[in-house]
Every structure is written in structure tokens, then in C-alpha cells.
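Just query.tsv here, TSV, C-alpha atoms:
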```
chain	number	residue	atom	x	y	z
D	1	MET	CA	116.74	-9.95	-43.18
D	2	ASN	CA	114.54	-12.63	-41.77
D	3	TYR	CA	115.57	-14.56	-38.69
D	4	PRO	CA	113.19	-17.52	-38.51
D	5	LEU	CA	114.90	-19.08	-35.54
D	6	GLY	CA	115.95	-16.00	-33.66
D	7	ILE	CA	119.13	-17.77	-32.67
D	8	LYS	CA	120.78	-16.83	-35.90
D	9	LYS	CA	120.43	-13.18	-35.09
D	10	GLU	CA	121.89	-13.70	-31.63
D	11	LYS	CA	124.89	-15.50	-33.09
D	12	HIS	CA	125.32	-12.72	-35.59
D	13	GLN	CA	125.25	-10.10	-32.85
D	14	LEU	CA	127.75	-12.06	-30.82
D	15	ILE	CA	130.12	-12.15	-33.76
D	16	ASN	CA	129.74	-8.45	-34.32
D	17	TYR	CA	130.51	-7.83	-30.67
D	18	SER	CA	133.68	-9.90	-30.85
D	19	HIS	CA	134.75	-8.05	-33.95
D	20	ARG	CA	134.32	-4.59	-32.49
D	21	GLY	CA	137.30	-2.54	-33.54
D	22	MET	CA	138.91	-5.50	-35.27
D	23	THR	CA	140.43	-4.88	-38.65
D	24	LEU	CA	140.62	-7.48	-41.37
D	25	GLU	CA	144.33	-7.76	-40.61
D	26	ASP	CA	143.58	-8.52	-36.93
D	27	ASP	CA	141.09	-11.18	-37.97
D	28	ILE	CA	143.51	-12.83	-40.38
D	29	ASN	CA	146.38	-12.74	-37.91
D	30	GLU	CA	144.17	-14.31	-35.24
D	31	SER	CA	143.01	-16.98	-37.70
D	32	ASN	CA	146.57	-17.76	-38.77
D	33	LEU	CA	147.58	-18.08	-35.12
D	34	TYR	CA	144.67	-20.50	-34.61
D	35	TYR	CA	145.74	-22.52	-37.65
D	36	ARG	CA	149.34	-22.68	-36.37
D	37	GLU	CA	148.33	-23.62	-32.83
D	38	HIS	CA	146.15	-26.42	-34.21
D	39	ASP	CA	148.92	-27.55	-36.57
D	40	ILE	CA	146.67	-26.95	-39.59
D	41	ALA	CA	148.72	-24.45	-41.58
D	42	TYR	CA	151.75	-22.21	-41.22
D	43	ILE	CA	150.85	-18.88	-42.75
D	44	TYR	CA	152.37	-15.59	-41.64
D	45	LYS	CA	152.00	-11.94	-42.49
D	46	LYS	CA	155.21	-10.57	-43.92
D	47	PRO	CA	156.62	-7.63	-42.00
D	48	THR	CA	156.10	-4.21	-43.60
D	49	PRO	CA	159.21	-3.39	-45.62
D	50	ILE	CA	161.07	-0.46	-44.13
D	51	LYS	CA	164.22	1.35	-45.25
D	52	VAL	CA	166.26	2.25	-42.19
D	53	THR	CA	168.41	5.35	-42.64
D	54	LYS	CA	169.56	6.24	-39.09
D	55	VAL	CA	170.27	3.92	-36.20
D	56	HIS	CA	171.43	4.72	-32.70
D	57	PHE	CA	173.22	1.92	-30.88
D	58	ASN	CA	172.27	2.00	-27.19
D	59	ASN	CA	174.75	-0.77	-26.51
D	60	GLN	CA	176.23	-3.75	-28.38
D	61	LYS	CA	172.91	-5.61	-28.43
D	62	GLN	CA	170.28	-2.90	-28.60
D	63	ALA	CA	169.65	-0.45	-31.37
D	64	THR	CA	167.02	2.25	-31.77
D	65	ILE	CA	165.99	3.25	-35.27
D	66	LYS	CA	165.95	7.04	-35.44
D	67	GLU	CA	164.92	7.49	-39.05
D	68	ALA	CA	163.25	5.11	-41.48
D	69	PHE	CA	160.74	5.07	-44.32
D	70	PHE	CA	157.97	2.73	-45.37
D	71	LEU	CA	158.60	0.98	-48.69
D	72	GLU	CA	156.07	-0.39	-51.13
D	73	PRO	CA	155.78	-4.17	-50.74
D	74	SER	CA	156.96	-6.13	-53.78
D	75	THR	CA	154.83	-9.16	-53.02
D	76	THR	CA	151.57	-9.93	-51.25
D	77	ASP	CA	151.29	-9.67	-47.49
D	78	TYR	CA	150.64	-13.28	-46.50
D	79	ASN	CA	152.22	-16.56	-47.45
D	80	GLY	CA	152.88	-20.00	-46.07
D	81	ILE	CA	152.03	-23.67	-46.33
D	82	TYR	CA	148.77	-25.62	-46.09
D	83	GLN	CA	148.31	-29.30	-47.00
D	84	GLY	CA	151.77	-29.25	-48.59
D	85	LYS	CA	150.73	-26.41	-50.89
D	86	TYR	CA	152.28	-22.97	-51.22
D	87	ILE	CA	149.67	-20.39	-50.14
D	88	ASP	CA	149.91	-16.72	-51.07
D	89	PHE	CA	147.39	-13.92	-50.69
D	90	GLU	CA	146.69	-10.25	-50.25
D	91	ALA	CA	143.99	-8.90	-47.91
D	92	LYS	CA	142.21	-5.58	-48.28
D	93	GLU	CA	139.15	-3.90	-46.87
D	94	THR	CA	137.06	-1.22	-48.48
D	95	LYS	CA	134.43	1.17	-47.17
D	96	ASN	CA	132.87	1.23	-50.59
D	97	LYS	CA	129.51	-0.59	-50.44
D	98	THR	CA	129.17	-1.67	-54.06
D	99	SER	CA	132.65	-2.21	-55.49
D	100	PHE	CA	136.29	-2.82	-54.62
D	101	PRO	CA	138.65	-0.20	-56.13
D	102	LEU	CA	141.55	-1.91	-57.93
D	103	ALA	CA	143.91	0.88	-56.85
D	104	ASN	CA	144.13	-1.12	-53.59
D	105	ILE	CA	146.26	-3.77	-55.30
D	106	HIS	CA	149.66	-2.69	-56.69
D	107	PRO	CA	150.61	-3.81	-60.23
D	108	HIS	CA	153.59	-5.82	-58.92
D	109	GLN	CA	151.27	-7.63	-56.51
D	110	ILE	CA	149.08	-8.62	-59.45
D	111	LYS	CA	152.18	-9.81	-61.32
D	112	HIS	CA	153.25	-11.71	-58.20
D	113	LEU	CA	149.89	-13.53	-57.99
D	114	GLU	CA	150.23	-14.41	-61.69
D	115	ASN	CA	153.72	-15.85	-61.10
D	116	ILE	CA	152.64	-17.83	-58.06
D	117	THR	CA	149.64	-19.45	-59.71
D	118	ARG	CA	151.58	-20.26	-62.89
D	119	HIS	CA	154.06	-22.15	-60.68
D	120	GLY	CA	151.41	-24.19	-58.91
D	121	GLY	CA	150.82	-22.10	-55.82
D	122	ILE	CA	147.40	-21.28	-54.36
D	123	GLY	CA	146.93	-17.52	-54.75
D	124	PHE	CA	143.92	-15.46	-53.78
D	125	LEU	CA	142.57	-12.20	-52.42
D	126	ILE	CA	140.60	-11.72	-49.23
D	127	VAL	CA	138.44	-8.62	-49.60
D	128	ARG	CA	136.20	-7.20	-46.91
D	129	PHE	CA	133.36	-4.80	-47.59
D	130	SER	CA	133.49	-3.36	-44.06
D	131	LEU	CA	130.21	-1.46	-44.12
D	132	ASN	CA	128.30	-4.47	-45.47
D	133	ASN	CA	130.16	-6.78	-43.09
D	134	LEU	CA	130.96	-9.19	-45.94
D	135	THR	CA	134.34	-10.85	-46.44
D	136	PHE	CA	135.11	-12.74	-49.64
D	137	LEU	CA	137.85	-14.98	-50.90
D	138	LEU	CA	138.45	-14.52	-54.63
D	139	THR	CA	140.87	-16.93	-56.29
D	140	ALA	CA	143.82	-15.41	-58.16
D	141	GLU	CA	142.47	-17.13	-61.28
D	142	ASP	CA	139.11	-15.34	-61.08
D	143	PHE	CA	140.80	-12.09	-60.10
D	144	LEU	CA	143.25	-12.24	-63.02
D	145	ASN	CA	140.50	-13.23	-65.46
D	146	TYR	CA	138.49	-10.20	-64.39
D	147	ILE	CA	141.43	-7.84	-64.89
D	148	LYS	CA	142.16	-9.27	-68.34
D	149	LYS	CA	138.58	-9.07	-69.58
D	150	GLU	CA	137.24	-5.97	-67.90
D	151	LYS	CA	138.85	-2.60	-68.30
D	152	ARG	CA	137.19	-1.20	-65.18
D	153	LYS	CA	139.00	0.29	-62.21
D	154	SER	CA	137.05	-1.67	-59.65
D	155	ILE	CA	135.48	-5.07	-59.06
D	156	SER	CA	131.78	-4.95	-58.26
D	157	LEU	CA	130.36	-6.56	-55.14
D	158	THR	CA	128.20	-8.58	-57.55
D	159	TYR	CA	131.33	-10.16	-59.07
D	160	PHE	CA	132.48	-11.20	-55.58
D	161	GLN	CA	129.02	-12.64	-54.91
D	162	GLU	CA	129.11	-14.56	-58.21
D	163	LYS	CA	132.71	-15.76	-58.38
D	164	GLY	CA	134.03	-15.32	-54.86
D	165	TYR	CA	133.44	-17.36	-51.72
D	166	LEU	CA	131.84	-15.71	-48.70
D	167	ILE	CA	134.12	-16.44	-45.75
D	168	GLU	CA	132.30	-17.79	-42.74
D	169	GLU	CA	132.96	-15.75	-39.62
D	170	ALA	CA	133.12	-17.37	-36.24
D	171	LEU	CA	134.64	-16.85	-32.84
D	172	SER	CA	137.75	-18.94	-33.41
D	173	PRO	CA	139.19	-18.85	-35.92
D	174	ARG	CA	137.47	-15.62	-36.86
D	175	LEU	CA	137.85	-16.18	-40.58
D	176	LYS	CA	137.70	-19.80	-41.69
D	177	TYR	CA	139.25	-19.03	-45.05
D	178	LEU	CA	141.14	-22.32	-45.23
D	179	ASP	CA	137.83	-24.22	-45.27
D	180	ILE	CA	137.32	-22.66	-48.69
D	181	ILE	CA	140.82	-23.56	-49.88
D	182	LYS	CA	140.25	-27.11	-48.62
D	183	ARG	CA	137.08	-27.40	-50.73
D	184	ILE	CA	138.85	-25.94	-53.77
D	185	LEU	CA	141.71	-28.44	-53.36
D	186	GLU	CA	139.28	-31.34	-53.01
D	187	VAL	CA	137.53	-30.64	-56.31
D	188	SER	CA	140.67	-29.77	-58.28
B	1	MET	CA	195.46	-27.25	-54.48
B	2	ASN	CA	196.47	-28.51	-57.84
B	3	TYR	CA	195.39	-26.77	-61.01
B	4	PRO	CA	196.21	-29.16	-63.85
B	5	LEU	CA	194.61	-26.99	-66.51
B	6	GLY	CA	195.41	-23.56	-65.17
B	7	ILE	CA	192.05	-22.39	-66.37
B	8	LYS	CA	190.33	-23.67	-63.23
B	9	LYS	CA	192.40	-21.35	-61.10
B	10	GLU	CA	191.56	-18.40	-63.30
B	11	LYS	CA	187.86	-19.15	-63.03
B	12	HIS	CA	188.18	-19.39	-59.28
B	13	GLN	CA	189.96	-16.04	-59.09
B	14	LEU	CA	187.30	-14.47	-61.26
B	15	ILE	CA	184.58	-15.69	-58.94
B	16	ASN	CA	186.42	-14.38	-55.91
B	17	TYR	CA	186.76	-11.02	-57.60
B	18	SER	CA	183.05	-10.82	-58.30
B	19	HIS	CA	182.28	-11.67	-54.69
B	20	ARG	CA	184.47	-8.96	-53.20
B	21	GLY	CA	182.53	-7.33	-50.38
B	22	MET	CA	179.44	-9.44	-51.07
B	23	THR	CA	177.69	-10.91	-48.10
B	24	LEU	CA	175.82	-14.19	-48.19
B	25	GLU	CA	172.60	-12.17	-48.13
B	26	ASP	CA	173.69	-10.20	-51.21
B	27	ASP	CA	174.51	-13.43	-53.01
B	28	ILE	CA	171.17	-15.02	-52.16
B	29	ASN	CA	169.21	-11.91	-53.09
B	30	GLU	CA	171.02	-11.74	-56.43
B	31	SER	CA	170.37	-15.44	-57.04
B	32	ASN	CA	166.68	-15.09	-56.17
B	33	LEU	CA	166.42	-12.16	-58.56
B	34	TYR	CA	168.04	-14.30	-61.27
B	35	TYR	CA	165.59	-17.12	-60.56
B	36	ARG	CA	162.64	-14.72	-60.76
B	37	GLU	CA	163.85	-13.05	-63.93
B	38	HIS	CA	164.25	-16.47	-65.55
B	39	ASP	CA	160.83	-17.59	-64.28
B	40	ILE	CA	162.44	-20.47	-62.36
B	41	ALA	CA	161.33	-19.74	-58.80
B	42	TYR	CA	159.70	-16.97	-56.77
B	43	ILE	CA	161.62	-16.75	-53.53
B	44	TYR	CA	161.94	-13.54	-51.52
B	45	LYS	CA	163.68	-12.42	-48.36
B	46	LYS	CA	161.16	-11.36	-45.77
B	47	PRO	CA	161.60	-7.80	-44.54
B	48	THR	CA	163.19	-7.43	-41.10
B	49	PRO	CA	160.40	-7.14	-38.54
B	50	ILE	CA	160.33	-3.69	-36.98
B	51	LYS	CA	158.12	-2.23	-34.27
B	52	VAL	CA	157.35	1.38	-35.16
B	53	THR	CA	156.69	3.60	-32.12
B	54	LYS	CA	156.82	7.16	-33.52
B	55	VAL	CA	155.78	8.37	-36.95
B	56	HIS	CA	155.84	11.86	-38.38
B	57	PHE	CA	153.43	12.52	-41.26
B	58	ASN	CA	155.07	14.82	-43.78
B	59	ASN	CA	151.82	14.93	-45.71
B	60	GLN	CA	148.88	12.66	-46.38
B	61	LYS	CA	150.96	10.21	-48.40
B	62	GLN	CA	154.41	10.38	-46.88
B	63	ALA	CA	155.46	9.36	-43.41
B	64	THR	CA	158.85	9.35	-41.70
B	65	ILE	CA	159.46	6.85	-38.94
B	66	LYS	CA	161.08	8.72	-36.04
B	67	GLU	CA	161.44	5.84	-33.61
B	68	ALA	CA	161.37	2.11	-34.13
B	69	PHE	CA	162.96	-1.09	-32.86
B	70	PHE	CA	164.17	-4.27	-34.48
B	71	LEU	CA	162.17	-7.35	-33.50
B	72	GLU	CA	163.30	-10.96	-33.45
B	73	PRO	CA	161.99	-12.79	-36.53
B	74	SER	CA	159.48	-15.55	-35.75
B	75	THR	CA	160.20	-17.47	-38.92
B	76	THR	CA	163.09	-17.99	-41.30
B	77	ASP	CA	164.24	-15.20	-43.61
B	78	TYR	CA	163.45	-16.65	-47.02
B	79	ASN	CA	160.44	-18.39	-48.50
B	80	GLY	CA	158.67	-18.89	-51.77
B	81	ILE	CA	157.75	-21.37	-54.46
B	82	TYR	CA	159.83	-23.64	-56.72
B	83	GLN	CA	158.44	-26.43	-58.94
B	84	GLY	CA	155.10	-26.07	-57.15
B	85	LYS	CA	156.77	-26.72	-53.78
B	86	TYR	CA	156.84	-24.49	-50.74
B	87	ILE	CA	160.45	-23.47	-50.09
B	88	ASP	CA	161.65	-22.11	-46.74
B	89	PHE	CA	165.15	-21.47	-45.48
B	90	GLU	CA	167.44	-19.53	-43.22
B	91	ALA	CA	170.88	-18.28	-44.30
B	92	LYS	CA	173.81	-17.58	-42.00
B	93	GLU	CA	177.49	-16.99	-42.31
B	94	THR	CA	180.16	-17.68	-39.73
B	95	LYS	CA	183.78	-16.61	-39.37
B	96	ASN	CA	184.45	-19.76	-37.44
B	97	LYS	CA	186.65	-22.06	-39.56
B	98	THR	CA	185.71	-25.42	-38.10
B	99	SER	CA	182.14	-25.24	-36.85
B	100	PHE	CA	178.86	-23.35	-37.09
B	101	PRO	CA	177.60	-22.07	-33.70
B	102	LEU	CA	173.94	-23.03	-33.20
B	103	ALA	CA	173.32	-19.76	-31.36
B	104	ASN	CA	172.94	-18.32	-34.88
B	105	ILE	CA	169.58	-20.04	-35.28
B	106	HIS	CA	166.77	-19.03	-32.88
B	107	PRO	CA	164.72	-21.79	-31.21
B	108	HIS	CA	161.50	-20.58	-32.91
B	109	GLN	CA	163.25	-20.77	-36.28
B	110	ILE	CA	164.14	-24.40	-35.56
B	111	LYS	CA	160.50	-25.06	-34.58
B	112	HIS	CA	159.40	-23.30	-37.77
B	113	LEU	CA	161.59	-25.55	-39.94
B	114	GLU	CA	160.14	-28.58	-38.13
B	115	ASN	CA	156.58	-27.41	-38.84
B	116	ILE	CA	157.30	-26.67	-42.48
B	117	THR	CA	158.90	-30.02	-43.23
B	118	ARG	CA	156.17	-31.93	-41.35
B	119	HIS	CA	153.65	-30.23	-43.66
B	120	GLY	CA	155.47	-31.17	-46.84
B	121	GLY	CA	157.54	-28.05	-47.42
B	122	ILE	CA	161.18	-28.01	-48.48
B	123	GLY	CA	163.14	-26.55	-45.58
B	124	PHE	CA	166.88	-26.04	-45.32
B	125	LEU	CA	169.76	-23.92	-44.09
B	126	ILE	CA	172.36	-22.18	-46.20
B	127	VAL	CA	175.52	-21.77	-44.15
B	128	ARG	CA	178.65	-20.01	-45.33
B	129	PHE	CA	182.03	-20.49	-43.72
B	130	SER	CA	183.27	-17.10	-44.91
B	131	LEU	CA	186.95	-17.56	-44.17
B	132	ASN	CA	187.06	-20.96	-45.90
B	133	ASN	CA	184.92	-19.62	-48.75
B	134	LEU	CA	182.59	-22.62	-48.50
B	135	THR	CA	178.80	-22.38	-48.69
B	136	PHE	CA	176.64	-25.38	-47.85
B	137	LEU	CA	173.00	-26.31	-48.10
B	138	LEU	CA	171.89	-28.53	-45.23
B	139	THR	CA	168.38	-29.97	-45.41
B	140	ALA	CA	166.07	-29.27	-42.47
B	141	GLU	CA	165.86	-33.05	-42.00
B	142	ASP	CA	169.62	-33.42	-41.50
B	143	PHE	CA	169.75	-30.26	-39.42
B	144	LEU	CA	166.93	-31.41	-37.12
B	145	ASN	CA	168.40	-34.93	-36.84
B	146	TYR	CA	171.69	-33.43	-35.73
B	147	ILE	CA	170.02	-31.28	-33.06
B	148	LYS	CA	168.04	-34.24	-31.73
B	149	LYS	CA	171.02	-36.60	-31.52
B	150	GLU	CA	173.90	-34.34	-30.61
B	151	LYS	CA	173.88	-32.17	-27.54
B	152	ARG	CA	176.57	-29.87	-28.88
B	153	LYS	CA	176.25	-26.13	-29.34
B	154	SER	CA	177.64	-26.12	-32.85
B	155	ILE	CA	177.68	-28.14	-36.05
B	156	SER	CA	181.14	-29.09	-37.24
B	157	LEU	CA	182.34	-28.27	-40.75
B	158	THR	CA	182.84	-32.05	-41.12
B	159	TYR	CA	179.10	-32.62	-40.65
B	160	PHE	CA	178.37	-30.11	-43.42
B	161	GLN	CA	180.92	-31.88	-45.64
B	162	GLU	CA	179.32	-35.27	-44.90
B	163	LYS	CA	175.61	-34.45	-44.92
B	164	GLY	CA	175.38	-31.05	-46.59
B	165	TYR	CA	175.67	-30.06	-50.22
B	166	LEU	CA	178.41	-27.69	-51.30
B	167	ILE	CA	176.72	-24.91	-53.27
B	168	GLU	CA	178.34	-24.20	-56.61
B	169	GLU	CA	179.30	-20.56	-57.00
B	170	ALA	CA	179.16	-18.85	-60.35
B	171	LEU	CA	178.76	-15.42	-61.86
B	172	SER	CA	175.02	-15.59	-62.37
B	173	PRO	CA	173.27	-16.77	-60.36
B	174	ARG	CA	175.98	-16.50	-57.74
B	175	LEU	CA	174.64	-19.36	-55.66
B	176	LYS	CA	172.97	-22.15	-57.63
B	177	TYR	CA	171.25	-23.52	-54.57
B	178	LEU	CA	168.12	-24.56	-56.47
B	179	ASP	CA	170.20	-27.02	-58.53
B	180	ILE	CA	170.59	-28.95	-55.28
B	181	ILE	CA	166.89	-28.77	-54.44
B	182	LYS	CA	166.13	-29.96	-57.97
B	183	ARG	CA	168.33	-33.02	-57.48
B	184	ILE	CA	166.77	-33.73	-54.06
B	185	LEU	CA	163.27	-33.50	-55.57
B	186	GLU	CA	164.25	-35.81	-58.43
B	187	VAL	CA	165.36	-38.63	-56.13
B	188	SER	CA	162.55	-38.24	-53.59
```
Structure encoded using C-alpha cells:
Amino acid sequence: MNYPLGIKKEKHQLINYSHRGMTLEDDINESNLYYREHDIAYIYKKPTPIKVTKVHFNNQKQATIKEAFFLEPSTTDYNGIYQGKYIDFEAKETKNKTSFPLANIHPHQIKHLENITRHGGIGFLIVRFSLNNLTFLLTAEDFLNYIKKEKRKSISLTYFQEKGYLIEEALSPRLKYLDIIKRILEVS
Amino acid sequence: MNYPLGIKKEKHQLINYSHRGMTLEDDINESNLYYREHDIAYIYKKPTPIKVTKVHFNNQKQATIKEAFFLEPSTTDYNGIYQGKYIDFEAKETKNKTSFPLANIHPHQIKHLENITRHGGIGFLIVRFSLNNLTFLLTAEDFLNYIKKEKRKSISLTYFQEKGYLIEEALSPRLKYLDIIKRILEVS
């Protein structure tokens, strides 16, 4: 890469520093908190579904779970409201440098994104190629089109670069993904 | 009560029979499933938030949670999409026959309903007076107005009868609460 002004590189390093050890989930949660605190959008991560099988009651108010199991989520992880619109998305990161394996998205999550968009919601994926330090937003429409047309088990980085939107990273919010949704809503 | 046609009483008994042992949560989950299966709305209950502190890995794919704690939810329990609108509500039942204690709704849930409605979402409460066998939908607007004006720690059954909407109970879906939302959307 070429850094004609030098400053760009510095900014980039600063961002990397702030991201040290941060997962995509951390970044999205921080961004959603920023959006809530600035009264921009109310988007939350759904809790991980868990089946509780044994509980010990310490007293009338407190209970400790002694045995439980993780369940497969039936929907996407994030949903909420932005500009009066229903927002719904799934976020995944991959260490693969050239493509995103579709095994990361469960079939019922794909079906869920189909349902949401058919009913007028704004559905999308946020996919991070961790080793390339690239995070994309891919609309549910483009994601579903790809799945229908291509019979491959992964989506190439090239497809994200062609159809997806590179999400700008900053200090706060870390991932300005709603800037992209704003632009999409303006032209639609 | 007067049953001029007899048949009305029979229907009522049938409904009661089908509801035996059913909680409000069961009824709402069944109704949401009905709405999904009929492609009417996609509304889900959020999983209960749990903080996992000890996990045992049985193998690479399976894990058993050995210690965990229930957390207080930061939002309402149910959300989703209906007629392109963001839907968000909390459901509670009370054994009190004359009023609904406000202690049932956490302050951050009230704030959440405020945020949602300010941003154009459809927020409401579903409250069941179990012993009276009455289930009401109260819009977030009427709920928030009540809280602002009245300094009481409960909402009287009378207020629900005046401002709320009695939810029709049936076999399937058990609670036709979206019929009410439909009517509200039609007049707004």
C-alpha cells in the first residue's frame, strides 16, 4: 500500500491498536451501544439460547444454574430499529483470506433473512475477513441471490468486494455500519 | 353471565379446556409460531440472558454449562416484524384481580419501550389477569402516559378495560393479538 500523506498510515495503526484483541462481536456491541447512547438506533444482540436442565435455588431471589446446554439459534443474532425500519443481521468472522465458508450461516438463519426481507425488513450480513482486516456489509438480497445462483459452499472475497460495502472503521463507533444502511435507504 | 344461545358457553368451555396449564408465555409462543407458519409475522421471544461462568467441553463440538446465572433482561422479551413494522412488547401475567403491579416491568424495559416508540416502532404490553381470565394489549403510548401522569405503583384493571384492548382467545392462534395491531395500524 501507498501512503501519500503518511497520516493515513498513522490513523490506520491507531485503529489497529484500539482493536487489539477485539472480536467482531465486541466491535458490533460497542457500535450498537454508541448508536443507543446517541439515540440513533436501538439494536441489540440476542442472548445465546440456552436450555437449562438443573437449577439450584440459593434463596427465593437467587438461583444458580448447575447444568445447561447451548442451543442452536433459530434466528440471526442482532435485531432492532433504525429510522423506523426493522433491522436484522448476522455477524461472522473468518480466518480464511479468500472466501467466506457458508457453513458459518445455518439454513434456518438463511430462511429467517428471506422472511424478514420479504416482509419489508432490512436484513444483511456483516462478515469480517480477520486476517485481511476487512469487514463487509452484504445485503440479504445480494446474499440470497448468490445462494440461489451459485452452488458453491463459500462466498469469495471478490464477491464481497463487488457487491458488498466495506464498513468504515473508526474509534467510535468502531463499525459505522448504519452509515451504509442510511445510504441504502436514501436511494431506495 | 347470560348465554342466550348456549353455544357461546360451550365455545368458552372449549377454550378454557385447551388452555389448561398454559401460561401466557406458552400462548404467545404458540401464536407467534402460528403467525410464522402462516407467513403473517416474524416475532420471536428473546432467549433469557444468562452469564455462563463454567463450561465443560465434552468434545470439540459439545459443551455442558456447569455454572451460570440468570441476568436481568435489558430489553423486552418479544420483538420482530409485522406488515413491515418493527414490533416490540413485554408480556406479564398477574394473579392480582384488580390491578397490575408495576414492579413487574423493569425501569430499563420502560425506557426501552419509550425509545422504540419514539423511533417509529410498535410497542406494547400484553398483560393477563390470570384469575379473571382476561388478557389485554396496552399500547406503549397509553402505558407511558399512565406512568407519567399517575404516581401509583400499579395499573388498575379498569384502566386496561378503558384504554387497553381485550385480546380475543381462540384455538389457533390462541391469542390473536396482531388483529389488534392491524386495526391500530389501519386507523393511524
Self-check item: Atom-to-atom span, atom CA of Leu71 of chain B and atom CA of His56 of chain B, Å
Solution: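 Separating atom CA of Leu71 of chain B from atom CA of His56 of chain B is a distance of 20.8 Å.
Closest approach to chain D among B:Arg36, B:Lys97, B:His119, B:Lys111 is made by B:His119 (distances from all atoms listed in the file).
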Compile a residue-level contact table for chain D against chain B at a cut-off of 10 Å, reporting for every qualifying residue the shortest atom pair and its distance in Å to one decimal, with all atoms listed in the file counted, rows ordered by chain and ascending number, as CSV.
```
residue,atom,partner,partner_atom,distance
D:Arg36,CA,B:Asn115,CA,9.0
D:Asp39,CA,B:Asn115,CA,8.0
D:Ile40,CA,B:His119,CA,8.7
D:Ala41,CA,B:His119,CA,7.9
D:Tyr42,CA,B:Ile116,CA,7.2
D:Tyr44,CA,B:Thr75,CA,8.5
D:Lys45,CA,B:Lys46,CA,9.7
D:Lys46,CA,B:Lys46,CA,6.3
D:Pro47,CA,B:Pro49,CA,5.1
D:Thr48,CA,B:Pro47,CA,6.6
D:Pro49,CA,B:Pro47,CA,5.1
D:Ile50,CA,B:Pro47,CA,7.4
D:Lys51,CA,B:Pro47,CA,9.5
D:Val52,CA,B:Ile65,CA,8.8
D:Thr53,CA,B:Ile65,CA,9.8
D:Lys54,CA,B:Lys66,CA,9.3
D:Val55,CA,B:Ala68,CA,9.3
D:Gln62,CA,B:Phe70,CA,8.6
D:Ala63,CA,B:Phe69,CA,6.9
D:Thr64,CA,B:Phe69,CA,5.4
D:Ile65,CA,B:Ala68,CA,4.9
D:Lys66,CA,B:Glu67,CA,5.0
D:Glu67,CA,B:Lys66,CA,5.0
D:Ala68,CA,B:Ile65,CA,4.9
D:Phe69,CA,B:Thr64,CA,5.4
D:Phe70,CA,B:Ala63,CA,7.4
D:Pro73,CA,B:Pro47,CA,9.2
D:Ser74,CA,B:Tyr44,CA,9.2
D:Thr75,CA,B:Tyr44,CA,8.5
D:Asn79,CA,B:Gly80,CA,8.1
D:Gly80,CA,B:Tyr86,CA,7.6
D:Ile81,CA,B:Tyr86,CA,6.6
D:Tyr82,CA,B:His119,CA,7.1
D:Gln83,CA,B:His119,CA,6.4
D:Gly84,CA,B:Gly120,CA,4.5
D:Lys85,CA,B:Tyr86,CA,6.4
D:Tyr86,CA,B:Tyr86,CA,4.8
D:Ile87,CA,B:Tyr86,CA,8.3
D:Asp88,CA,B:Gly80,CA,9.1
D:His112,CA,B:Tyr42,CA,8.4
D:Asn115,CA,B:Tyr42,CA,7.5
D:Ile116,CA,B:Ile81,CA,7.2
D:Thr117,CA,B:Gly84,CA,9.0
D:Arg118,CA,B:Gly84,CA,8.9
D:His119,CA,B:Gly84,CA,5.4
D:Gly120,CA,B:Gly84,CA,4.5
D:Gly121,CA,B:Gly84,CA,6.0
D:Ile122,CA,B:Gly84,CA,9.5
```
Would you mind listing what lies within 9 Å of segment 130-147 of chain D as a short mmCIF file (atom, residue, chain, number, x, y, z; two decimals) with C-alpha atoms, in the coordinates of the input, with all atoms listed in the file counted and same-chain residues fewer than 5 positions away left out?
```cif
data_model
loop_
_atom_site.label_atom_id
_atom_site.label_comp_id
_atom_site.auth_asym_id
_atom_site.auth_seq_id
_atom_site.Cartn_x
_atom_site.Cartn_y
_atom_site.Cartn_z
CA ASN D 16 129.74 -8.45 -34.32
CA THR D 23 140.43 -4.88 -38.65
CA LEU D 24 140.62 -7.48 -41.37
CA PHE D 89 147.39 -13.92 -50.69
CA GLU D 93 139.15 -3.90 -46.87
CA THR D 94 137.06 -1.22 -48.48
CA LYS D 95 134.43 1.17 -47.17
CA ASN D 96 132.87 1.23 -50.59
CA LYS D 97 129.51 -0.59 -50.44
CA ILE D 110 149.08 -8.62 -59.45
CA LEU D 113 149.89 -13.53 -57.99
CA GLU D 114 150.23 -14.41 -61.69
CA THR D 117 149.64 -19.45 -59.71
CA ILE D 122 147.40 -21.28 -54.36
CA GLY D 123 146.93 -17.52 -54.75
CA PHE D 124 143.92 -15.46 -53.78
CA LEU D 125 142.57 -12.20 -52.42
CA ARG D 152 137.19 -1.20 -65.18
CA LYS D 153 139.00 0.29 -62.21
CA ILE D 155 135.48 -5.07 -59.06
CA TYR D 159 131.33 -10.16 -59.07
CA PHE D 160 132.48 -11.20 -55.58
CA GLN D 161 129.02 -12.64 -54.91
CA LYS D 163 132.71 -15.76 -58.38
CA GLY D 164 134.03 -15.32 -54.86
CA TYR D 165 133.44 -17.36 -51.72
CA LEU D 166 131.84 -15.71 -48.70
CA ILE D 167 134.12 -16.44 -45.75
CA GLU D 168 132.30 -17.79 -42.74
CA GLU D 169 132.96 -15.75 -39.62
CA LEU D 175 137.85 -16.18 -40.58
CA TYR D 177 139.25 -19.03 -45.05
CA ILE D 180 137.32 -22.66 -48.69
#
```
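In this model, the gap between atom CA of Lys61 of chain D and atom CA of Met22 of chain B comes to 23.9 Å.
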Quiz prompt | Separation of atom CA of Asp179 of chain B from atom CA of Leu157 of chain B, in Å and rounded to one decimal | solution =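 Computing it gives 21.6 Å between the two atoms.
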Quiz prompt | Long-range neighbours of Lys92 of chain D as a VMD selection string, 7 Å cut-off, only C-alpha atoms, 3 positions minimum in chain | solution = chain D and resid 126 to 128
Quiz item: Leaving out Glu30 of chain B and any residue of its chain fewer than 6 positions from it, which residues lie within 9 Å of it when counting all atoms listed in the file, given as a list in words?
Solution: Ser172, Pro173, Arg174 and Leu175 of chain B
